[in-house]
Amino acid sequence: MLSITNVSYQYDDRAVLKAVSAQAHSGECLAIVGESGSGKSTLLKLIFGQMDVDSGSISWKNQEILGPKNKLVVGHDFMKYVAQEFDLMPYTGVSENIGNYLSNFYPEEKKSRIKELIEVVELEGFENTKVQFLSGGQKQRVALARAIAKRPEIILLDEPFSHIDNFKKQSLRRNLFAYLKTNNITCVLATHDKNDVLSFADQMMVLHKGTVMRTDLPSAIYSNPKHPLIAAFFGEYSTIDGDLYYPHQIVLTDKKSPLKAVVKHSFYMGHYYLIEAVLRQGVVFFENATALQINSEVSLILKR
């Protein structure tokens, strides 16, 4: 089990993390979400041992993870870290980058392993392309493949799909998380993307200004966000009588309702329209099958 216990860290007298605690068992995915500057990347670096904690402790299977004050070489053999800056070999090919740390004693096994990893990150056809000629998204996929090449016990991912375009992102996300789960690899993921969390994370931690706001199942946090900051992570939301509602929970009705709103915009979202309206001097968002006439008055009901 990965155990993070009351970890605090400060930089230039500024508290970056304050008494952060979390756990992740073997094969689980812990997603860390929060605004930019909330401490997500710093926490990953502390878990990796790239920096020293000021107080608290981090351990894996009851073995304390040490930082540079106590460990000459940063990192641990059982852990891989994919940062937002890719440490690749630009003048060599994709296959060589991925297989760089694999043993040469069994060449056929190594070749098969590289082929498997290239398929996981969907880079078929680029095996011999030099990394310097790849796009940012392709480089990110090479970095992911190289990180899982030796089947680490833990992988740390910092915005792992940030450079991947939408044409590849969905299938790559499914492939990677399925691979990690199948191989019982614990994953700690820092992300801004709800799609990284809802279908793939076992636990979700919300950081705000270095403090843990909530840790729970993603479904539990989504269903009851409790705070506008958390609701905003999942998309548009509205506050009505002090409660938070997602657009699908506010429904147009032709029956009598005390909730009267005036339509301001209809945004085409594909299979529905997102309607922006004014309700009691505040803005609300709700979904509708068709666009609505601007400045028309509508009646709404709330559903949970």
# chains A, B, ... in the order shown; residues from 1 in each chain; ligands from 1
call {"tool": "residues_around", "arguments": {"residues": "Lys45 in chain A", "least_positions_apart": "3", "cutoff": "10 Å", "atoms": "only C-alpha atoms", "output": "MDAnalysis selection string"}}
result
chainID A and resid 40:42 48:53 67 75 81 83 156 158
call {"tool": "residues_around", "arguments": {"residues": "Gly99 in chain A", "least_positions_apart": "3", "cutoff": "9 Å", "atoms": "only C-alpha atoms", "output": "ChimeraX atom specification"}}
result
/A:94-96,102-103,110-111,113-114,146,149
call {"tool": "residues_around", "arguments": {"residues": "range 263-273 of chain A", "least_positions_apart": "5", "cutoff": "10 Å", "atoms": "only C-alpha atoms", "output": "PyMOL selection string"}}
result
chain A and resi 278-279+283-298
call {"tool": "write_last_selection", "arguments": {"atoms": "N, CA and C atoms", "output": "compact mmCIF listing (two decimals), in the first residue's frame"}}
result
# COMPACT_ATOMS: atom_id res chain seq x y z
N VAL A 278 -31.24 33.47 -16.84
CA VAL A 278 -31.17 34.26 -15.61
C VAL A 278 -32.33 33.86 -14.71
N LEU A 279 -32.01 33.48 -13.49
CA LEU A 279 -33.00 33.08 -12.50
C LEU A 279 -32.73 33.86 -11.22
N VAL A 283 -27.26 33.45 -12.67
CA VAL A 283 -27.18 32.67 -13.91
C VAL A 283 -27.33 31.18 -13.59
N VAL A 284 -28.14 30.49 -14.40
CA VAL A 284 -28.28 29.04 -14.28
C VAL A 284 -28.06 28.40 -15.66
N PHE A 285 -27.65 27.14 -15.64
CA PHE A 285 -27.43 26.38 -16.87
C PHE A 285 -28.26 25.11 -16.81
N PHE A 286 -28.95 24.81 -17.91
CA PHE A 286 -29.68 23.55 -17.97
C PHE A 286 -29.65 23.01 -19.40
N GLU A 287 -29.94 21.74 -19.51
CA GLU A 287 -29.90 21.07 -20.82
C GLU A 287 -31.29 21.02 -21.43
N ASN A 288 -31.33 21.08 -22.77
CA ASN A 288 -32.60 20.94 -23.48
C ASN A 288 -32.33 20.34 -24.85
N ALA A 289 -33.30 19.63 -25.37
CA ALA A 289 -33.11 18.96 -26.65
C ALA A 289 -33.00 19.94 -27.82
N THR A 290 -33.62 21.12 -27.67
CA THR A 290 -33.60 22.11 -28.75
C THR A 290 -33.15 23.47 -28.21
N ALA A 291 -32.78 24.36 -29.12
CA ALA A 291 -32.45 25.73 -28.74
C ALA A 291 -33.72 26.46 -28.30
N LEU A 292 -33.57 27.43 -27.42
CA LEU A 292 -34.71 28.20 -26.95
C LEU A 292 -34.56 29.65 -27.37
N GLN A 293 -35.69 30.30 -27.56
CA GLN A 293 -35.68 31.69 -28.02
C GLN A 293 -35.11 32.62 -26.95
N ILE A 294 -34.19 33.47 -27.38
CA ILE A 294 -33.57 34.43 -26.46
C ILE A 294 -34.62 35.36 -25.86
N ASN A 295 -34.52 35.63 -24.58
CA ASN A 295 -35.41 36.49 -23.79
C ASN A 295 -36.78 35.87 -23.53
N SER A 296 -36.97 34.60 -23.91
CA SER A 296 -38.23 33.95 -23.57
C SER A 296 -38.19 33.49 -22.11
N GLU A 297 -39.36 33.48 -21.46
CA GLU A 297 -39.45 33.03 -20.08
C GLU A 297 -39.81 31.55 -20.04
N VAL A 298 -39.12 30.81 -19.21
CA VAL A 298 -39.38 29.36 -19.10
C VAL A 298 -39.56 28.99 -17.64
call {"tool": "select_by_dssp", "arguments": {"residues": "range 28-262 of chain A", "states": "strand (DSSP E)", "output": "PyMOL selection string"}}
result
chain A and resi 29-34+55-60+63-64+79-82+154-158+186-191+203-208+211-216+238-240+243-245+250-253+259-262
call {"tool": "residues_around", "arguments": {"residues": "Val120 in chain A", "least_positions_apart": "4", "cutoff": "10 Å", "atoms": "only C-alpha atoms", "output": "number ranges by chain"}}
result
A: 114-116, 124, 141, 144-145, 171-179
call {"tool": "closest_residue", "arguments": {"among": "A:Lys71, A:Lys209, A:Lys150, A:His163", "to": "Asn183 in chain A", "atoms": "only C-alpha atoms"}}
result
A:Lys150
call {"tool": "select_by_dssp", "arguments": {"residues": "range 22-269 of chain A", "states": "helix (DSSP H, G or I)", "output": "MDAnalysis selection string"}}
result
chainID A and resid 40:48 94:98 107:120 131:133 136:148 166:182 194:197 218:223 228:234 247:249
call {"tool": "write_last_selection", "arguments": {"atoms": "C-alpha atoms", "output": "PDB file, in the first residue's frame"}}
result
ATOM      1  CA  LYS A  40      -0.690  18.366  -7.290  1.00  0.00           C
ATOM      2  CA  SER A  41       2.680  18.237  -9.073  1.00  0.00           C
ATOM      3  CA  THR A  42       4.555  18.940  -5.838  1.00  0.00           C
ATOM      4  CA  LEU A  43       2.890  15.936  -4.197  1.00  0.00           C
ATOM      5  CA  LEU A  44       3.931  13.671  -7.083  1.00  0.00           C
ATOM      6  CA  LYS A  45       7.541  14.863  -6.791  1.00  0.00           C
ATOM      7  CA  LEU A  46       7.520  14.155  -3.060  1.00  0.00           C
ATOM      8  CA  ILE A  47       6.111  10.654  -3.644  1.00  0.00           C
ATOM      9  CA  PHE A  48       8.859  10.012  -6.193  1.00  0.00           C
ATOM     10  CA  VAL A  94      10.570   5.271 -30.854  1.00  0.00           C
ATOM     11  CA  SER A  95      11.359   1.565 -30.381  1.00  0.00           C
ATOM     12  CA  GLU A  96      14.826   2.296 -29.022  1.00  0.00           C
ATOM     13  CA  ASN A  97      13.445   4.877 -26.573  1.00  0.00           C
ATOM     14  CA  ILE A  98      10.830   2.446 -25.273  1.00  0.00           C
ATOM     15  CA  PRO A 107      16.155 -10.119 -27.852  1.00  0.00           C
ATOM     16  CA  GLU A 108      12.986 -11.831 -29.088  1.00  0.00           C
ATOM     17  CA  GLU A 109      11.212 -11.208 -25.790  1.00  0.00           C
ATOM     18  CA  LYS A 110      12.373  -7.574 -25.849  1.00  0.00           C
ATOM     19  CA  LYS A 111      11.128  -7.146 -29.419  1.00  0.00           C
ATOM     20  CA  SER A 112       7.738  -8.602 -28.483  1.00  0.00           C
ATOM     21  CA  ARG A 113       7.506  -6.387 -25.412  1.00  0.00           C
ATOM     22  CA  ILE A 114       8.263  -3.233 -27.411  1.00  0.00           C
ATOM     23  CA  LYS A 115       5.602  -4.212 -29.949  1.00  0.00           C
ATOM     24  CA  GLU A 116       3.054  -4.686 -27.154  1.00  0.00           C
ATOM     25  CA  LEU A 117       3.834  -1.281 -25.639  1.00  0.00           C
ATOM     26  CA  ILE A 118       3.667   0.474 -29.007  1.00  0.00           C
ATOM     27  CA  GLU A 119       0.189  -0.980 -29.448  1.00  0.00           C
ATOM     28  CA  VAL A 120      -0.875   0.193 -25.970  1.00  0.00           C
ATOM     29  CA  VAL A 131      11.719  11.288 -31.418  1.00  0.00           C
ATOM     30  CA  GLN A 132      12.827  14.746 -32.546  1.00  0.00           C
ATOM     31  CA  PHE A 133      10.398  14.477 -35.472  1.00  0.00           C
ATOM     32  CA  GLY A 136       4.165  16.769 -28.556  1.00  0.00           C
ATOM     33  CA  GLY A 137       1.356  14.258 -28.201  1.00  0.00           C
ATOM     34  CA  GLN A 138       3.403  11.472 -29.794  1.00  0.00           C
ATOM     35  CA  LYS A 139       6.326  12.228 -27.472  1.00  0.00           C
ATOM     36  CA  GLN A 140       3.972  11.995 -24.516  1.00  0.00           C
ATOM     37  CA  ARG A 141       2.867   8.562 -25.693  1.00  0.00           C
ATOM     38  CA  VAL A 142       6.501   7.423 -25.988  1.00  0.00           C
ATOM     39  CA  ALA A 143       7.125   8.640 -22.420  1.00  0.00           C
ATOM     40  CA  LEU A 144       4.106   6.665 -21.173  1.00  0.00           C
ATOM     41  CA  ALA A 145       5.215   3.497 -22.963  1.00  0.00           C
ATOM     42  CA  ARG A 146       8.743   3.792 -21.609  1.00  0.00           C
ATOM     43  CA  ALA A 147       7.442   4.283 -18.062  1.00  0.00           C
ATOM     44  CA  ILE A 148       5.440   1.043 -18.087  1.00  0.00           C
ATOM     45  CA  ASN A 166      -8.988  14.361 -29.028  1.00  0.00           C
ATOM     46  CA  PHE A 167      -8.617  11.999 -31.987  1.00  0.00           C
ATOM     47  CA  LYS A 168      -6.408   9.715 -29.871  1.00  0.00           C
ATOM     48  CA  LYS A 169      -7.088  10.692 -26.275  1.00  0.00           C
ATOM     49  CA  GLN A 170     -10.170   8.552 -25.575  1.00  0.00           C
ATOM     50  CA  SER A 171      -8.792   5.236 -26.830  1.00  0.00           C
ATOM     51  CA  LEU A 172      -5.324   5.883 -25.363  1.00  0.00           C
ATOM     52  CA  ARG A 173      -6.854   6.595 -21.956  1.00  0.00           C
ATOM     53  CA  ARG A 174      -8.812   3.324 -22.056  1.00  0.00           C
ATOM     54  CA  ASN A 175      -5.762   1.345 -23.204  1.00  0.00           C
ATOM     55  CA  LEU A 176      -3.421   2.743 -20.575  1.00  0.00           C
ATOM     56  CA  PHE A 177      -5.710   2.388 -17.558  1.00  0.00           C
ATOM     57  CA  ALA A 178      -6.744  -1.116 -18.641  1.00  0.00           C
ATOM     58  CA  TYR A 179      -3.050  -2.051 -18.875  1.00  0.00           C
ATOM     59  CA  LEU A 180      -2.312  -0.655 -15.409  1.00  0.00           C
ATOM     60  CA  LYS A 181      -5.276  -2.464 -13.847  1.00  0.00           C
ATOM     61  CA  THR A 182      -4.471  -5.772 -15.580  1.00  0.00           C
ATOM     62  CA  LYS A 194     -12.754  14.814 -15.301  1.00  0.00           C
ATOM     63  CA  ASN A 195     -12.616  12.077 -17.968  1.00  0.00           C
ATOM     64  CA  ASP A 196      -9.373  10.813 -16.430  1.00  0.00           C
ATOM     65  CA  VAL A 197     -11.183  10.417 -13.127  1.00  0.00           C
ATOM     66  CA  PRO A 218     -15.340   9.723  -7.705  1.00  0.00           C
ATOM     67  CA  SER A 219     -19.019   8.794  -7.953  1.00  0.00           C
ATOM     68  CA  ALA A 220     -19.663   9.968  -4.391  1.00  0.00           C
ATOM     69  CA  ILE A 221     -17.926  13.298  -4.942  1.00  0.00           C
ATOM     70  CA  TYR A 222     -19.676  13.844  -8.279  1.00  0.00           C
ATOM     71  CA  SER A 223     -23.092  13.043  -6.811  1.00  0.00           C
ATOM     72  CA  PRO A 228     -18.612  25.119  -5.976  1.00  0.00           C
ATOM     73  CA  LEU A 229     -14.908  24.453  -6.624  1.00  0.00           C
ATOM     74  CA  ILE A 230     -15.543  20.710  -6.745  1.00  0.00           C
ATOM     75  CA  ALA A 231     -18.684  21.048  -8.877  1.00  0.00           C
ATOM     76  CA  ALA A 232     -16.741  23.228 -11.329  1.00  0.00           C
ATOM     77  CA  PHE A 233     -14.244  20.411 -11.889  1.00  0.00           C
ATOM     78  CA  PHE A 234     -17.025  18.316 -13.415  1.00  0.00           C
ATOM     79  CA  PRO A 247     -27.301  21.196 -15.945  1.00  0.00           C
ATOM     80  CA  HIS A 248     -28.989  17.785 -16.306  1.00  0.00           C
ATOM     81  CA  GLN A 249     -30.615  18.273 -12.883  1.00  0.00           C
TER      82      GLN A 249
END
call {"tool": "closest_residue", "arguments": {"among": "A:Val82, A:Ala24, A:Leu123, A:Ala190", "to": "Leu207 in chain A", "atoms": "only C-alpha atoms"}}
result
A:Ala190
